[in-house]
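What follows is one structure encoded as structure tokens, with my remarks underneath.
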Amino acid sequence: MENISNILLLIGLIILAIIIFKIIAPYLIKMDTTLFLSGGLGSGKTLTGVIKAQQLIKIKQTQWLIATIKIKIINAIRKSKYQKKLKQWKKKKIDKPKDIELLPTKPRPVIYSNLPIYYKTIVPFQKEWSAKLQKDHLILKKGIIYGSVIFIDEITQVFTQFDWNIEEIKYNVNELITFFRHYINGYLILTSQSDSDVVVQVRRKMNINIWCYDFSKFWIFYRNRMCDLHMSDQITNTSSTYISENTKWHYGIYLGFKFNKYLTYDTHAYSERYNNIAEKDINPKRFNKFKTNEIIRFNNYVSPLDDRRKVDNGLHRNP
């Protein structure tokens, strides 16, 4: 009877573990060395990336702390042994010992980002700002702290597939991402509104590509759909069948929605750029009827249907 009870208890624990995993699974995002999040405006990709970066930096800082403590213990032991040998040497019992060789410690990993992030560290009740990610970091002119997390929001604003002919991108940036685990051994998170605009040599190196959409929030709770996209050398698989079979709801809690105390990033971080606009049009021209004869164009094309008076007045130029 006792054996049967133990077996039933074990089965019960397994079932309970499965239930708990099923409950928390929608709150988790699988992560390798690299993560690429794509999605349109307001899809939750930046929020997801920022939260993931904070989770990962805690992992890396914990690993750093353990390694640092280990190094300090080893150095303390070496110092102790060296002091004993010095005493014996002074008493002329042994030859002069060789100089002590201490192991160096590394600086604590941080988050590098092009978006200001205010995050918790492994030190209790301590927060810090993310380090500014600079061009020199990406082109291998300035070093990045080992084990750090790099978060690049809207990567296509930094460079796109049309910039691949720029040598610094073609060689330096490509080398950094290719040997990211060798050089940094941290995590790389990228976001973009369109994955097809990202340099293909970079996009292919992303282990996980998640398409975010259908974002909604209520108070401090939010949810959005996430689809793991299959990347190939030629195309991204976005067929309706594939999306329906590989899309899952992701749920989360972000206190920063309602409490500034817990704010970790500003969803409108770049808004101040618009203050530099040359002309502030506070009294815009308005329509006065339901018909219009004007089409906004950025090229020199002139249609036969364009208003000739406006063409003659220089509003449209001949190609």
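By order in the structure tokens, chains are A, B, ...; within a chain, residues start at 1; ligands start at 1, following the order shown.
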Every residue of segment 65-150 of chain A that DSSP places in alpha helix (DSSP H), as a PyMOL selection string: chain A and resi 65-90+135-138
Selection file, C-alpha atoms, as an mmCIF file, in the first residue's frame:
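Saved as again30.cif:
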data_model
loop_
_atom_site.group_PDB
_atom_site.id
_atom_site.type_symbol
_atom_site.label_atom_id
_atom_site.label_comp_id
_atom_site.auth_asym_id
_atom_site.auth_seq_id
_atom_site.Cartn_x
_atom_site.Cartn_y
_atom_site.Cartn_z
ATOM 1 C CA LEU A 65 28.823 37.501 -9.490
ATOM 2 C CA ILE A 66 29.428 33.763 -9.047
ATOM 3 C CA ALA A 67 32.534 33.913 -11.251
ATOM 4 C CA THR A 68 33.837 36.988 -9.394
ATOM 5 C CA ILE A 69 33.379 35.357 -5.979
ATOM 6 C CA LYS A 70 35.146 32.249 -7.250
ATOM 7 C CA ILE A 71 38.080 34.330 -8.542
ATOM 8 C CA LYS A 72 38.355 36.241 -5.267
ATOM 9 C CA ILE A 73 38.417 32.987 -3.293
ATOM 10 C CA ILE A 74 41.133 31.577 -5.563
ATOM 11 C CA ASN A 75 43.158 34.794 -5.263
ATOM 12 C CA ALA A 76 42.760 34.776 -1.477
ATOM 13 C CA ILE A 77 44.058 31.192 -1.321
ATOM 14 C CA ARG A 78 47.004 32.070 -3.558
ATOM 15 C CA LYS A 79 47.838 35.105 -1.416
ATOM 16 C CA SER A 80 47.704 32.986 1.728
ATOM 17 C CA LYS A 81 50.017 30.350 0.261
ATOM 18 C CA TYR A 82 52.361 33.057 -0.992
ATOM 19 C CA GLN A 83 52.569 34.660 2.445
ATOM 20 C CA LYS A 84 53.437 31.303 4.003
ATOM 21 C CA LYS A 85 56.191 30.757 1.450
ATOM 22 C CA LEU A 86 57.540 34.255 2.121
ATOM 23 C CA LYS A 87 57.783 33.506 5.836
ATOM 24 C CA GLN A 88 59.609 30.258 5.119
ATOM 25 C CA TRP A 89 61.954 32.078 2.733
ATOM 26 C CA LYS A 90 62.733 34.734 5.329
ATOM 27 C CA LYS A 135 28.226 53.291 -33.724
ATOM 28 C CA ASP A 136 31.790 52.586 -32.559
ATOM 29 C CA HIS A 137 30.500 49.594 -30.584
ATOM 30 C CA LEU A 138 28.938 48.121 -33.712
#
Backbone-only DSSP, strand (DSSP E) members of segment 137-301 of chain A, as a ChimeraX atom specification: /A:149-152,187-192,208-218,221-228,230-231,236-237,247-253
Among the residues A:Ala17, A:Ile7, A:Ile152, A:Cys212, the one that comes closest to Leu41 of chain A [using only C-alpha atoms]: A:Cys212
Top pick for closest residue to Arg225 of chain A, considering A:Ile139, A:Ile208, A:Ala269, A:Ile243 and counting only C-alpha atoms: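 With only C-alpha atoms as the atom set, the closest residue is A:Ile243.
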Of the listed residues A:Tyr213, A:Gln134, A:Asp307, A:Ile145, that which approaches Ile295 of chain A most closely, counting only C-alpha atoms: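 Closest candidate: A:Asp307.
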Neighbour list for Val199 of chain A as a list in words, cut-off 12 Å, only C-alpha atoms, skip fewer than 6 positions in-chain: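 Answer for this query is Ile155, Thr156, Gln157, Val158, Phe159, Thr160, Gln161, Phe162, Asp163, Trp164, Asn165, Ile166, Ile169, Lys170, Val173, Asn174, Ile177, Ser192, Lys205, Met206 and Asp233 of chain A.
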Selected residue of minimal separation from Glu175 of chain A among A:Asn209, A:Gln63, A:Gln201, A:Gln126, counting only C-alpha atoms: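 Selected residue with least distance to Glu175 of chain A: A:Gln201.
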